[in-house]
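Trainee: Contents are TSV, C-alpha atoms and all ligand atoms; file name target-v8.tsv:
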```
chain	number	residue	atom	x	y	z
A	1	MET	CA	19.48	-4.50	-20.56
A	2	THR	CA	16.44	-3.48	-18.55
A	3	HIS	CA	13.76	-5.99	-17.74
A	4	LYS	CA	10.11	-5.09	-17.80
A	5	ILE	CA	8.33	-6.25	-14.66
A	6	THR	CA	4.68	-7.18	-15.11
A	7	ILE	CA	2.55	-6.59	-12.03
A	8	LYS	CA	-0.57	-8.40	-10.92
A	9	LYS	CA	-1.93	-7.43	-7.52
A	10	VAL	CA	-3.97	-9.37	-4.99
A	11	ALA	CA	-7.64	-8.42	-4.81
A	12	GLN	CA	-7.46	-8.10	-1.04
A	13	SER	CA	-4.33	-7.74	1.11
A	14	ARG	CA	-3.88	-10.05	4.13
A	15	VAL	CA	-1.79	-7.52	6.00
A	16	ASN	CA	-4.50	-6.81	8.58
A	17	GLU	CA	-4.45	-10.47	9.65
A	18	ILE	CA	-0.87	-10.18	10.97
A	19	ASP	CA	-0.13	-9.58	14.64
A	20	PHE	CA	2.98	-7.47	14.13
A	21	ASP	CA	3.83	-7.65	17.84
A	22	ASN	CA	4.12	-11.44	17.77
A	23	ILE	CA	5.62	-12.58	14.51
A	24	PRO	CA	7.25	-16.00	14.42
A	25	PHE	CA	10.33	-16.11	12.18
A	26	GLY	CA	9.74	-17.59	8.76
A	27	ARG	CA	6.06	-18.49	8.83
A	28	GLU	CA	4.21	-15.39	7.66
A	29	PHE	CA	4.42	-14.29	4.05
A	30	SER	CA	3.42	-11.02	2.41
A	31	ASP	CA	0.88	-10.74	-0.41
A	32	HIS	CA	3.20	-10.77	-3.43
A	33	MET	CA	6.32	-12.38	-4.80
A	34	PHE	CA	8.68	-11.59	-7.64
A	35	GLU	CA	9.44	-14.31	-10.19
A	36	ALA	CA	11.75	-14.40	-13.21
A	37	THR	CA	12.51	-17.27	-15.55
A	38	TYR	CA	15.84	-18.13	-17.16
A	39	SER	CA	15.92	-20.08	-20.40
A	40	ASP	CA	17.69	-19.87	-23.75
A	41	GLY	CA	20.51	-17.99	-22.05
A	42	LYS	CA	18.50	-15.07	-20.70
A	43	TRP	CA	16.21	-13.88	-17.93
A	44	HIS	CA	12.68	-13.07	-19.01
A	45	SER	CA	9.03	-13.16	-17.89
A	46	CYS	CA	9.73	-10.95	-14.86
A	47	GLU	CA	6.59	-10.53	-12.82
A	48	ILE	CA	5.29	-9.57	-9.42
A	49	LYS	CA	2.20	-11.55	-8.63
A	50	PRO	CA	0.20	-12.86	-5.68
A	51	LEU	CA	2.30	-15.29	-3.61
A	52	SER	CA	1.36	-18.72	-4.79
A	53	ARG	CA	2.54	-22.34	-4.85
A	54	ILE	CA	4.75	-23.34	-7.72
A	55	SER	CA	4.13	-26.40	-9.79
A	56	ILE	CA	7.16	-28.63	-10.35
A	57	HIS	CA	8.02	-31.75	-12.32
A	58	PRO	CA	9.30	-34.69	-10.20
A	59	ALA	CA	12.48	-34.71	-12.30
A	60	MET	CA	13.24	-31.04	-11.61
A	61	LEU	CA	17.03	-30.97	-11.24
A	62	THR	CA	17.06	-29.08	-7.94
A	63	LEU	CA	15.24	-31.92	-6.21
A	64	HIS	CA	17.92	-34.40	-7.19
A	65	TYR	CA	21.24	-32.59	-7.44
A	66	GLY	CA	20.67	-29.49	-5.36
A	67	GLN	CA	21.39	-26.49	-7.57
A	68	ALA	CA	19.74	-24.02	-5.21
A	69	ILE	CA	21.13	-20.78	-3.75
A	70	PHE	CA	19.61	-17.96	-1.75
A	71	GLU	CA	20.09	-14.66	-0.01
A	72	GLY	CA	18.65	-13.25	3.20
A	73	MET	CA	18.14	-9.52	3.53
A	74	LYS	CA	15.86	-7.09	5.31
A	75	ALA	CA	13.69	-4.08	4.57
A	76	THR	CA	12.91	-1.77	7.46
A	77	LYS	CA	11.02	1.48	7.96
A	78	HIS	CA	12.61	4.85	8.53
A	79	VAL	CA	11.09	6.64	11.53
A	80	ASP	CA	9.34	8.88	8.98
A	81	GLY	CA	7.70	5.78	7.43
A	82	ARG	CA	9.81	5.42	4.27
A	83	PRO	CA	10.83	1.84	3.42
A	84	LEU	CA	14.56	1.18	3.44
A	85	LEU	CA	16.88	-1.52	2.15
A	86	PHE	CA	20.27	-2.31	3.66
A	87	ARG	CA	23.31	-2.70	1.38
A	88	PRO	CA	21.27	-4.44	-1.35
A	89	GLU	CA	24.11	-4.30	-3.87
A	90	LEU	CA	26.22	-6.55	-1.64
A	91	HIS	CA	23.47	-9.15	-1.67
A	92	ALA	CA	23.32	-8.99	-5.48
A	93	GLU	CA	27.07	-9.53	-5.54
A	94	ARG	CA	26.98	-12.45	-3.11
A	95	LEU	CA	24.07	-14.12	-4.90
A	96	ASN	CA	26.10	-14.03	-8.08
A	97	ALA	CA	29.20	-15.36	-6.33
A	98	SER	CA	27.09	-18.31	-5.13
A	99	ALA	CA	25.61	-18.69	-8.62
A	100	HIS	CA	29.08	-18.80	-10.15
A	101	ARG	CA	30.22	-21.57	-7.75
A	102	MET	CA	27.09	-23.61	-8.49
A	103	CYS	CA	27.24	-23.26	-12.29
A	104	MET	CA	24.12	-21.11	-12.31
A	105	PRO	CA	23.53	-17.93	-14.32
A	106	ASP	CA	24.11	-14.44	-12.88
A	107	VAL	CA	21.10	-12.37	-12.02
A	108	PRO	CA	21.96	-8.96	-13.52
A	109	PRO	CA	22.41	-6.65	-10.48
A	110	GLN	CA	20.04	-4.10	-12.02
A	111	LEU	CA	17.32	-6.74	-12.36
A	112	PHE	CA	17.93	-7.85	-8.75
A	113	LEU	CA	17.68	-4.24	-7.50
A	114	ASP	CA	14.69	-3.29	-9.66
A	115	ALA	CA	12.83	-6.38	-8.50
A	116	LEU	CA	13.59	-5.63	-4.84
A	117	HIS	CA	12.66	-1.96	-5.01
A	118	THR	CA	9.44	-2.63	-6.88
A	119	LEU	CA	8.39	-5.50	-4.63
A	120	VAL	CA	9.26	-3.80	-1.34
A	121	ASP	CA	7.52	-0.62	-2.49
A	122	MET	CA	4.38	-2.71	-3.09
A	123	GLU	CA	4.74	-4.54	0.25
A	124	ALA	CA	5.63	-1.46	2.33
A	125	GLU	CA	2.68	-2.00	4.65
A	126	TRP	CA	4.13	-5.39	5.54
A	127	ILE	CA	7.27	-3.87	7.06
A	128	PRO	CA	6.90	-4.11	10.84
A	129	ALA	CA	7.33	-0.74	12.55
A	130	ARG	CA	8.81	-2.25	15.72
A	131	LYS	CA	12.60	-1.82	16.02
A	132	GLY	CA	14.43	-5.11	15.60
A	133	SER	CA	11.60	-6.51	13.46
A	134	ALA	CA	11.78	-6.26	9.69
A	135	LEU	CA	10.45	-7.47	6.38
A	136	TYR	CA	12.81	-10.36	5.67
A	137	LEU	CA	13.50	-10.72	1.96
A	138	ARG	CA	14.37	-14.11	0.57
A	139	PRO	CA	15.74	-13.98	-2.99
A	140	PHE	CA	16.51	-17.47	-4.25
A	141	MET	CA	17.35	-19.30	-7.45
A	142	PHE	CA	16.91	-22.93	-8.37
A	143	ALA	CA	17.33	-25.23	-11.35
A	144	THR	CA	14.20	-26.21	-13.25
A	145	ASP	CA	15.32	-28.55	-16.04
A	146	GLU	CA	13.37	-31.81	-16.03
A	147	TYR	CA	16.20	-34.26	-16.44
A	148	ILE	CA	17.64	-37.15	-14.44
A	149	GLY	CA	21.27	-36.74	-15.36
A	150	VAL	CA	23.97	-35.00	-13.36
A	151	SER	CA	24.48	-31.74	-15.18
A	152	SER	CA	23.90	-28.07	-14.63
A	153	SER	CA	20.44	-26.95	-15.60
A	154	THR	CA	19.73	-24.78	-18.62
A	155	SER	CA	16.65	-23.24	-17.00
A	156	TYR	CA	16.12	-21.58	-13.63
A	157	LYS	CA	13.66	-19.60	-11.57
A	158	PHE	CA	14.63	-16.57	-9.53
A	159	ILE	CA	12.06	-15.67	-6.88
A	160	ILE	CA	11.88	-13.12	-4.09
A	161	MET	CA	9.51	-13.64	-1.17
A	162	CYS	CA	8.88	-11.24	1.70
A	163	LEU	CA	8.24	-12.27	5.30
A	164	PRO	CA	7.51	-9.97	8.21
A	165	VAL	CA	9.76	-11.23	11.01
A	166	GLY	CA	10.76	-10.62	14.57
A	167	PRO	CA	14.20	-11.59	15.89
A	168	TYR	CA	15.51	-15.00	14.77
A	169	TYR	CA	16.78	-15.82	18.25
A	170	SER	CA	14.47	-14.69	21.01
A	171	LYS	CA	16.95	-15.62	23.72
A	172	PRO	CA	20.73	-15.90	24.09
A	173	VAL	CA	22.28	-18.77	22.21
A	174	LYS	CA	24.08	-21.82	23.62
A	175	LEU	CA	26.67	-23.38	21.33
A	176	ARG	CA	28.51	-26.68	21.27
A	177	ALA	CA	31.81	-26.94	19.39
A	178	GLU	CA	31.32	-29.76	16.89
A	179	ARG	CA	34.12	-32.33	16.99
A	180	LYS	CA	32.80	-35.03	14.67
A	181	TYR	CA	30.96	-33.41	11.76
A	182	VAL	CA	32.17	-30.55	9.57
A	183	ARG	CA	30.36	-27.81	7.69
A	184	ALA	CA	32.85	-27.00	4.94
A	185	VAL	CA	36.23	-27.90	3.53
A	186	ASP	CA	38.74	-25.85	1.55
A	187	GLY	CA	37.66	-25.94	-2.06
A	188	GLY	CA	34.08	-26.82	-1.12
A	189	VAL	CA	31.00	-24.63	-1.12
A	190	GLY	CA	31.14	-23.24	2.43
A	191	GLU	CA	31.50	-19.68	1.24
A	192	ALA	CA	28.49	-19.90	-1.07
A	193	LYS	CA	24.95	-19.46	0.20
A	194	VAL	CA	23.89	-22.86	-1.02
A	195	ALA	CA	20.77	-24.64	0.24
A	196	GLY	CA	22.75	-27.88	0.76
A	197	ASN	CA	25.04	-26.26	3.35
A	198	TYR	CA	22.01	-25.80	5.56
A	199	ALA	CA	20.70	-29.31	4.89
A	200	ALA	CA	24.08	-30.78	5.88
A	201	SER	CA	24.03	-28.85	9.16
A	202	LEU	CA	20.67	-30.25	10.29
A	203	TYR	CA	21.84	-33.56	11.72
A	204	PRO	CA	24.71	-32.18	13.85
A	205	ALA	CA	22.39	-29.33	14.92
A	206	ARG	CA	19.78	-31.89	15.95
A	207	LEU	CA	22.33	-33.75	18.06
A	208	ALA	CA	23.40	-30.49	19.68
A	209	LYS	CA	19.77	-29.61	20.39
A	210	GLU	CA	19.14	-33.01	21.94
A	211	ALA	CA	22.07	-32.30	24.25
A	212	GLY	CA	20.54	-28.97	25.31
A	213	PHE	CA	22.32	-26.54	22.95
A	214	ASP	CA	20.79	-24.22	20.37
A	215	GLN	CA	23.38	-24.57	17.63
A	216	VAL	CA	26.69	-26.00	16.57
A	217	LEU	CA	29.92	-24.03	16.59
A	218	TRP	CA	31.74	-25.33	13.51
A	219	LEU	CA	35.47	-26.02	13.59
A	220	ASP	CA	37.74	-26.44	10.58
A	221	ALA	CA	37.57	-29.74	8.72
A	222	HIS	CA	41.30	-30.59	8.83
A	223	GLU	CA	42.25	-30.30	12.48
A	224	PHE	CA	39.04	-29.49	14.35
A	225	LYS	CA	41.04	-26.60	15.71
A	226	TYR	CA	40.02	-23.32	14.15
A	227	VAL	CA	36.62	-21.74	14.70
A	228	GLN	CA	34.54	-21.22	11.56
A	229	GLU	CA	30.97	-19.99	12.04
A	230	VAL	CA	27.70	-21.03	13.61
A	231	GLY	CA	25.85	-21.95	10.42
A	232	THR	CA	23.02	-19.53	11.05
A	233	MET	CA	25.47	-16.68	11.62
A	234	ASN	CA	29.12	-15.60	11.79
A	235	ILE	CA	30.83	-15.38	15.16
A	236	PHE	CA	32.81	-12.71	17.04
A	237	PHE	CA	34.90	-12.94	20.21
A	238	VAL	CA	35.38	-9.88	22.38
A	239	PHE	CA	38.67	-9.87	24.26
A	240	LYS	CA	39.63	-7.15	26.74
A	241	ASP	CA	41.72	-5.32	24.13
A	242	LYS	CA	40.40	-6.48	20.74
A	243	ILE	CA	37.63	-8.18	18.83
A	244	VAL	CA	38.46	-11.26	16.77
A	245	THR	CA	36.40	-12.99	14.09
A	246	PRO	CA	37.48	-15.87	11.84
A	247	ALA	CA	38.78	-14.69	8.46
A	248	THR	CA	36.60	-15.67	5.50
A	249	THR	CA	39.06	-17.65	3.43
A	250	GLY	CA	36.71	-19.97	1.56
A	251	THR	CA	34.92	-22.11	4.13
A	252	ILE	CA	32.94	-19.40	5.91
A	253	LEU	CA	29.97	-17.45	4.62
A	254	LYS	CA	30.92	-13.85	3.83
A	255	GLY	CA	28.26	-12.33	6.04
A	256	ILE	CA	27.07	-8.85	5.17
A	257	THR	CA	26.15	-8.16	8.80
A	258	ARG	CA	29.63	-9.45	9.72
A	259	LYS	CA	31.23	-7.01	7.27
A	260	THR	CA	29.03	-4.16	8.49
A	261	LEU	CA	29.87	-4.76	12.15
A	262	ILE	CA	33.59	-4.88	11.39
A	263	GLU	CA	33.29	-1.55	9.59
A	264	ILE	CA	31.28	0.01	12.45
A	265	MET	CA	33.83	-1.17	15.02
A	266	LYS	CA	36.75	0.12	12.96
A	267	ASP	CA	34.95	3.48	12.61
A	268	ARG	CA	34.82	3.57	16.37
A	269	GLY	CA	38.54	2.99	16.62
A	270	MET	CA	38.18	-0.51	18.03
A	271	GLN	CA	40.83	-3.09	17.22
A	272	VAL	CA	39.24	-5.77	15.04
A	273	GLU	CA	41.19	-8.76	13.81
A	274	GLU	CA	40.01	-11.06	11.01
A	275	ARG	CA	42.21	-14.10	11.30
A	276	LYS	CA	42.39	-17.76	12.18
A	277	ILE	CA	41.33	-18.26	15.76
A	278	SER	CA	41.61	-21.62	17.46
A	279	ILE	CA	39.20	-22.99	20.01
A	280	ASP	CA	42.24	-23.45	22.29
A	281	GLU	CA	43.06	-19.74	22.11
A	282	ILE	CA	39.46	-18.99	23.05
A	283	LYS	CA	39.54	-21.40	25.98
A	284	GLU	CA	42.87	-20.02	27.19
A	285	ALA	CA	41.60	-16.44	27.01
A	286	TYR	CA	38.46	-17.48	28.87
A	287	LYS	CA	40.53	-19.08	31.65
A	288	ASN	CA	42.70	-15.94	31.94
A	289	GLY	CA	39.68	-13.68	32.06
A	290	ASP	CA	40.66	-12.01	28.76
A	291	LEU	CA	37.61	-13.20	26.84
A	292	VAL	CA	34.61	-11.24	27.96
A	293	GLU	CA	31.93	-11.73	25.35
A	294	SER	CA	30.98	-13.62	22.21
A	295	PHE	CA	28.20	-12.90	19.76
A	296	GLY	CA	26.82	-14.05	16.45
A	297	ALA	CA	26.05	-11.85	13.45
A	298	GLY	CA	23.77	-12.49	10.51
A	299	THR	CA	20.91	-10.93	8.59
A	300	ALA	CA	18.28	-13.02	10.35
A	301	ALA	CA	20.04	-13.09	13.73
A	302	VAL	CA	21.25	-9.45	13.50
A	303	VAL	CA	23.49	-9.56	16.62
A	304	ALA	CA	22.79	-12.58	18.81
A	305	ASN	CA	24.18	-12.82	22.33
A	306	ILE	CA	25.92	-16.07	23.16
A	307	SER	CA	25.48	-17.24	26.73
A	308	LEU	CA	27.48	-20.46	26.55
A	309	ILE	CA	30.04	-22.29	24.44
A	310	GLN	CA	30.92	-25.87	25.28
A	311	ASP	CA	33.88	-27.80	23.90
A	312	GLY	CA	33.99	-31.36	25.22
A	313	ASP	CA	33.85	-30.99	28.98
A	314	PHE	CA	35.01	-27.41	28.94
A	315	GLN	CA	32.25	-24.89	29.40
A	316	MET	CA	32.47	-21.16	28.85
A	317	THR	CA	29.61	-19.06	30.14
A	318	PHE	CA	29.23	-15.42	29.24
A	319	ASP	CA	27.64	-13.17	31.77
A	320	GLU	CA	24.94	-10.81	30.58
A	321	SER	CA	26.52	-7.94	32.49
A	322	ASN	CA	29.46	-8.07	30.03
A	323	TRP	CA	27.43	-8.00	26.81
A	324	LYS	CA	28.36	-4.41	26.11
A	325	THR	CA	29.89	-4.58	22.64
A	326	SER	CA	27.12	-6.75	21.25
A	327	ARG	CA	24.39	-4.59	22.78
A	328	ASP	CA	25.94	-1.40	21.37
A	329	LEU	CA	26.35	-2.96	17.95
A	330	LYS	CA	22.82	-4.35	17.87
A	331	LYS	CA	21.42	-0.98	18.84
A	332	HIS	CA	23.55	0.80	16.24
A	333	ILE	CA	22.52	-1.49	13.40
A	334	ASN	CA	18.84	-1.29	14.37
A	335	ASP	CA	19.10	2.52	14.71
A	336	LEU	CA	20.75	2.72	11.30
A	337	ARG	CA	17.94	0.66	9.82
A	338	ALA	CA	15.40	3.03	11.35
A	339	GLY	CA	17.27	6.09	10.07
A	340	GLU	CA	17.87	7.27	13.64
A	341	VAL	CA	21.65	7.63	13.41
A	342	PRO	CA	23.66	9.14	10.56
A	343	ASP	CA	24.46	6.68	7.78
A	344	ASN	CA	27.95	7.88	6.87
A	345	HIS	CA	28.58	5.05	4.43
A	346	GLY	CA	25.41	5.13	2.32
A	347	TRP	CA	24.39	1.67	3.45
A	348	VAL	CA	20.73	2.47	3.98
A	349	ILE	CA	18.95	2.81	0.65
A	350	PRO	CA	15.46	4.36	0.44
A	351	VAL	CA	13.13	2.21	-1.63
A	352	HIS	CA	12.11	3.94	-4.82
A	353	SER	CA	9.04	3.15	-6.81
A	354	GLU	CA	9.84	4.62	-10.21
A	355	VAL	CA	11.14	1.28	-11.48
A	356	MET	CA	7.53	0.08	-11.81
A	357	ALA	CA	6.69	-1.70	-15.03
B	401	LIG	C1	20.10	-15.11	7.09
B	401	LIG	O1	20.66	-14.67	8.11
B	401	LIG	O2	19.46	-14.37	6.35
B	401	LIG	C2	20.18	-16.52	6.72
B	401	LIG	O3	20.02	-16.83	5.59
B	401	LIG	C3	20.41	-17.53	7.77
B	401	LIG	C4	19.26	-18.42	7.99
B	401	LIG	C5	19.56	-19.21	9.21
B	401	LIG	C6	17.96	-17.74	8.20
```
Just give me the structure as structure tokens.
Ligand code: COI

Mentor:
Amino acid sequence: MTHKITIKKVAQSRVNEIDFDNIPFGREFSDHMFEATYSDGKWHSCEIKPLSRISIHPAMLTLHYGQAIFEGMKATKHVDGRPLLFRPELHAERLNASAHRMCMPDVPPQLFLDALHTLVDMEAEWIPARKGSALYLRPFMFATDEYIGVSSSTSYKFIIMCLPVGPYYSKPVKLRAERKYVRAVDGGVGEAKVAGNYAASLYPARLAKEAGFDQVLWLDAHEFKYVQEVGTMNIFFVFKDKIVTPATTGTILKGITRKTLIEIMKDRGMQVEERKISIDEIKEAYKNGDLVESFGAGTAAVVANISLIQDGDFQMTFDESNWKTSRDLKKHINDLRAGEVPDNHGWVIPVHSEVMA
């Protein structure tokens, strides 16, 4: 079923007010947003309209029981000026996997893609030209029933906002392995991109920040032994002879940047292992000099250098002179997004405008 998208444009764009050379992450919004409504078992009232506040009832289910999921993706500009999306179908898939886990309705992939293409085509001037910057796209869905009872909602909103952004981390990241709090347990919602996962990470992250770190390195919830993710991104460890990243077996977000980097490294003939990796193995390899680098990967973070990981009293520092793999990967992904290197996998999708209402 195709969905007609109604379009209402702003009278005057705000794009000229943006300093594209100094964009803070997450605070600037483009002119328009996409909104669709779910009720009576179907999506309808699909519209692109000026970005505006939404009016909500105090009993709206999301506020009480947290049925809220989201995606993070980016639109960039080809060097010839054409707007591009990156692996949008994987984001549609992951949104629906999160929706399934949270008892929320699927967004038909064609609706998701039509909405993105139409919106990004309209907001093309908002895509920063500078490499490493992008138009961050935030599709999200939340429950809208007005009811104070614990049940899944029968009505939802699906919205996409666009934000011009620079890099999420402007400097290398310092991590502290978290030994008291956990992010996810087997059978929980760690794999889903659920708003509550981020809420639950705030307190441990605050404690880590107060102690001088930027983020928490999550360990598994049973033994505090196996590395999971950072919460804002997945994590990779570069050994002398291989690259290891924790396998996504239910408690770790299935990052699309993570997947992309693994595929790029395998294309290059590098040995990449997705498996359980313990913090002790990492510390041992660090002591032996086998661990040379560690980096984070996520849509917002892209590839983020890690300068320090602390576990208890044990500190691992990573010297900038060894950040070769992460630098190469960051450059490759940014070059791909600018259409400057061949895209052998068909990951980079030119935005098309013929899906207009
Ligand atoms: C993303 O990388 O897109 C995320 O959703 C993570 C968030 C910390 C911004």

Trainee: Using only C-alpha atoms, find the one residue out of A:Ser201, A:Asn234, A:Asn16, A:Ser55 that sits nearest to Glu178 of chain A.

Mentor: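 Closest to Glu178 of chain A of all the choices is A:Ser201.
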
Trainee: Please give me, as a ChimeraX atom specification, the residues lying within 7 Å of ligand LIG 401 (chain B) when counting only C-alpha atoms and all ligand atoms.

Mentor: /A:71-73,231-233,298-301

Trainee: Could you give me, as a ChimeraX atom specification, the residues within 9 Å of segment 202-208 of chain A, counting all atoms listed in the file and dropping anything in the same chain fewer than 5 positions from it?

Mentor: /A:175-176,178,180-182,213-216

Trainee: Those residues you just picked out, can you put them in a file as a compact mmCIF listing (two decimals), keeping the file's coordinate frame with C-alpha atoms?

Mentor:
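Wrote it out as out.txt, contents follow:
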```txt
# COMPACT_ATOMS: atom_id res chain seq x y z
CA LEU A 175 26.67 -23.38 21.33
CA ARG A 176 28.51 -26.68 21.27
CA GLU A 178 31.32 -29.76 16.89
CA LYS A 180 32.80 -35.03 14.67
CA TYR A 181 30.96 -33.41 11.76
CA VAL A 182 32.17 -30.55 9.57
CA PHE A 213 22.32 -26.54 22.95
CA ASP A 214 20.79 -24.22 20.37
CA GLN A 215 23.38 -24.57 17.63
CA VAL A 216 26.69 -26.00 16.57
```

Trainee: As a count of residues only, please: the residues near segment 285-288 of chain A (cut-off 10 Å, only C-alpha atoms, same-chain neighbours under 2 positions excluded).

Mentor: 15

Trainee: Using all atoms listed in the file, which of the listed residues (A:Thr118, A:Thr6, A:Asn334, A:Thr144) sits closest to Tyr156 of chain A?

Mentor: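 Result for the nearest residue to Tyr156 of chain A: A:Thr144.
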
Trainee: To one decimal in Å, tell me the separation between atom CA of Leu63 of chain A and atom CA of Ala99 of chain A.

Mentor: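 Computing the Euclidean distance for atom CA of Leu63 of chain A and atom CA of Ala99 of chain A yields 17.0 Å.
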
Trainee: Could you state the separation of atom CA of Pro24 of chain A and atom CA of Thr325 of chain A in Å, given to one decimal place?

Mentor: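 Between atom CA of Pro24 of chain A and atom CA of Thr325 of chain A the gap works out to 26.7 Å.
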
Trainee: Residues near Phe34 of chain A, anyone? I mean within 9 Å using all atoms listed in the file, not counting same-chain ones fewer than 4 positions away, as a ChimeraX atom specification.

Mentor: /A:5,46-51,115-116,119,139,158-161

Trainee: For the point (-0.3, -7.3, 1.2) in file coordinates, what residues are within 9 Å, counting all atoms listed in the file? Give the answer as a list in words?

Mentor: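 Result, sorted by chain then residue number: Lys9, Val10, Gln12, Ser13, Arg14, Val15, Asn16, Phe29, Ser30, Asp31, His32, Pro50, Met122, Glu123, Ala124, Glu125 and Trp126 of chain A.
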
Trainee: For each of A:Leu95, A:Ala68, A:Val120, A:Ala75, take the minimum atom-to-atom distance to Ser353 of chain A, counting all atoms listed in the file, then give the residue where this is smallest.

Mentor: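 Result for the nearest residue to Ser353 of chain A: A:Val120.
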
Trainee: Please report the interatomic distance between atom CA of Gly339 of chain A and atom CA of Val230 of chain A in Å with one decimal.

Mentor: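 A separation of 29.3 Å between them.
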
Trainee: Can you work out which one of A:Leu135, A:Ile309, A:Val303, A:Ala59 has the shortest atom-to-atom distance to Lys324 of chain A, counting only C-alpha atoms?

Mentor: A:Val303

Trainee: May I have the residues at most 9 Å from (16.6, -13.8, 18.0) in the file's coordinates, counting all atoms listed in the file, as a PyMOL selection string?

Mentor: chain A and resi 25+166-173+300-305

Trainee: Which residue gives the smallest distance to Met60 of chain A among A:Lys74, A:Lys157, A:Lys131, A:His100, with only C-alpha atoms counted?

Mentor: A:Lys157

Trainee: Which residue is closest to Ala129 of chain A? Choose from A:Ala195, A:Ile252, A:Cys103, A:Leu84 and count only C-alpha atoms.

Mentor: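 Result for the nearest residue to Ala129 of chain A: A:Leu84.
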
Trainee: Please provide as a PyMOL selection string all residues within 12 Å of Asp186 of chain A, with the sequence filter that same-chain residues fewer than 4 positions apart are discarded (counting all atoms listed in the file).

Mentor: chain A and resi 182+190-191+220-222+228+248-252

Trainee: With segment 255-259 of chain A as the partner and 9 Å as the cut-off, tabulate the residues of segment 32-149 of chain A that qualify, each row holding the nearest pair of atoms and their distance in Å to one decimal, using all atoms listed in the file, sorted by chain and rising number, as a Markdown table.

Mentor:
```
| residue | atom | partner | partner_atom | distance |
| --- | --- | --- | --- | --- |
| A:Arg87 | CA | A:Ile256 | CA | 8.1 |
| A:Leu90 | CA | A:Ile256 | CA | 7.2 |
| A:His91 | CA | A:Ile256 | CA | 7.7 |
```
